[in-house]
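*Asks:* Before anything else, here's the structure in question.
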Amino acid sequence: MTRVLVVHHDVDVADIQVDELRRAGYDVEQCAGPIGGNPCPVLRGDGCWQVDRADVLVYDAWACGDGRSALIDDLRDLYPEKPVVLTSGGLMLDWARTDGPHQVTPVVGAPNTTRLGDAVEAAVRTNRMRRDETSFPAAAEARHIPGW
């Protein structure tokens, strides 16, 4: 079963997202870091035991308080292989990267059971393809040969 960590600045919304993902069949934990009184280790450039345990991360764009990319950039630097789903309350963020080393999978629209589940599956699938291309470069090159 896929383990998901939900990180959100609003506890009530986080509770809803956790419930939605559990209904979709995921094993879900909720991080209290940004709102629980303890400083977030990722914001200090340190690893996090909850992130270490998770297979995929669902982060709110405002989890670090400013709606900017700093937390996601730090997270991607510390955990480049960990799939990240980004929720933003249906808003499009000009700094959200959908490719490259700071890639995230954005939830388009309000995050509900279907959209969250689809985004988690897309993030896991994309991460698996990136890992396969790194592990098996010849297979990746074969997919990009013109005329195939």
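Letters for chains follow the order of the structure tokens (A, B, ...), residue numbers begin at 1 for each chain, and ligand numbers begin at 1 in the order shown.
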Using only C-alpha atoms, which residues sit within 8 Å of A:Glu20 once same-chain residues fewer than 2 positions away are excluded, as a PyMOL selection string?
*Replies:* chain A and resi 16-18+22-24+112-113+116
*Asks:* What are the DSSP helix (DSSP H, G or I) residues of stretch 42-81 of chain A, as a PyMOL selection string?
*Replies:* chain A and resi 42-44+49-53+70-78
*Asks:* Convert the current residue selection to file output with C-alpha atoms, as a PDB file, in the first residue's frame.
*Replies:*
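And here's part.pdb as it stands now:
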ATOM      1  CA  VAL A  42      13.090  20.514   5.989  1.00  0.00           C
ATOM      2  CA  LEU A  43      13.010  24.308   6.357  1.00  0.00           C
ATOM      3  CA  ARG A  44      16.281  24.002   8.321  1.00  0.00           C
ATOM      4  CA  TRP A  49      11.479  11.063   9.702  1.00  0.00           C
ATOM      5  CA  GLN A  50       7.930  11.418   8.375  1.00  0.00           C
ATOM      6  CA  VAL A  51       9.169  12.209   4.869  1.00  0.00           C
ATOM      7  CA  ASP A  52      11.600   9.279   5.133  1.00  0.00           C
ATOM      8  CA  ARG A  53       8.684   6.888   5.850  1.00  0.00           C
ATOM      9  CA  ALA A  70      11.236  27.746  -0.787  1.00  0.00           C
ATOM     10  CA  LEU A  71       9.866  24.746   1.098  1.00  0.00           C
ATOM     11  CA  ILE A  72       9.297  22.703  -2.066  1.00  0.00           C
ATOM     12  CA  ASP A  73      12.765  23.588  -3.395  1.00  0.00           C
ATOM     13  CA  ASP A  74      14.348  22.535  -0.082  1.00  0.00           C
ATOM     14  CA  LEU A  75      12.283  19.359  -0.073  1.00  0.00           C
ATOM     15  CA  ARG A  76      13.269  18.491  -3.661  1.00  0.00           C
ATOM     16  CA  ASP A  77      16.947  19.151  -2.848  1.00  0.00           C
ATOM     17  CA  LEU A  78      16.822  16.880   0.227  1.00  0.00           C
TER      18      LEU A  78
END
*Asks:* Find the spatial neighbours of A:Val7, counting only C-alpha atoms, within a cut-off of 7 Å - ignore same-chain residues fewer than 2 positions away - and output them as a PyMOL selection string.
*Replies:* chain A and resi 5+30-31+58-60+63
*Asks:* Next, the residues of the selection above should be written as an mmCIF file, in the first residue's frame with C-alpha atoms.
*Replies:*
data_model
loop_
_atom_site.group_PDB
_atom_site.id
_atom_site.type_symbol
_atom_site.label_atom_id
_atom_site.label_comp_id
_atom_site.auth_asym_id
_atom_site.auth_seq_id
_atom_site.Cartn_x
_atom_site.Cartn_y
_atom_site.Cartn_z
ATOM 1 C CA LEU A 5 2.335 12.151 3.986
ATOM 2 C CA GLN A 30 -0.515 13.939 8.596
ATOM 3 C CA CYS A 31 2.420 16.174 9.423
ATOM 4 C CA VAL A 58 1.187 15.827 -0.610
ATOM 5 C CA TYR A 59 2.260 19.376 0.210
ATOM 6 C CA ASP A 60 0.165 22.500 0.438
ATOM 7 C CA ALA A 63 2.756 25.012 4.235
#
*Asks:* Quick one: everything within 8 Å of stretch 1-4 of chain A, counting only C-alpha atoms, minus sequence neighbours fewer than 5 positions away in the same chain. Send it as a list in words.
*Replies:*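 The contact residues come out as Gly25, Tyr26, Asp27, Val28, Glu29, Arg53, Ala54, Asp55, Val56, Leu57 and Val58 of chain A.
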*Asks:* Rounded to one decimal place, report the atom CA of A:Asp46-atom CA of A:Tyr79 distance in Å.
*Replies:*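 Here the two named atoms are 10.4 Å from each other.
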*Asks:* Near A:Ala122, within 9 Å and counting only C-alpha atoms, which residues show up once chain neighbours fewer than 5 positions away are dropped, as number ranges by chain?
*Replies:* A: 85, 105, 117, 127
*Asks:* Would you save the residues from that selection as a PDB file, in the first residue's frame, using C-alpha atoms?
*Replies:*
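Written out: out31.pdb:
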ATOM      1  CA  VAL A  85       2.032  16.330  -5.123  1.00  0.00           C
ATOM      2  CA  THR A 105       2.667  17.027  -9.668  1.00  0.00           C
ATOM      3  CA  GLY A 117      -5.772  10.052  -5.984  1.00  0.00           C
ATOM      4  CA  ASN A 127       8.914   9.135 -10.463  1.00  0.00           C
TER       5      ASN A 127
END
*Asks:* Mind pulling up the distance from atom CA of A:Pro39 to atom CA of A:Leu21?
*Replies:*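 Rounded to one decimal, the two atoms are 25.6 Å apart.
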*Asks:* Given the choices A:Val11, A:Leu86, A:Cys48, A:Val6, which gets closest to A:Gly109 if the distance is worked out from only C-alpha atoms?
*Replies:*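 Of A:Val11, A:Leu86, A:Cys48, A:Val6, the one nearest A:Gly109 is A:Leu86, counting only C-alpha atoms.
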*Asks:* Rank nothing, just name the residue among A:Ser88, A:Gln103, A:His8, A:Pro83 nearest to A:Val124, using only C-alpha atoms.
*Replies:*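 Ranking A:Ser88, A:Gln103, A:His8, A:Pro83 by distance to A:Val124, first place goes to A:Pro83.
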*Asks:* Report, in Å with one decimal, the straight-line distance from atom CA of A:Val13 to atom CA of A:Glu121.
*Replies:* 20.8 Å
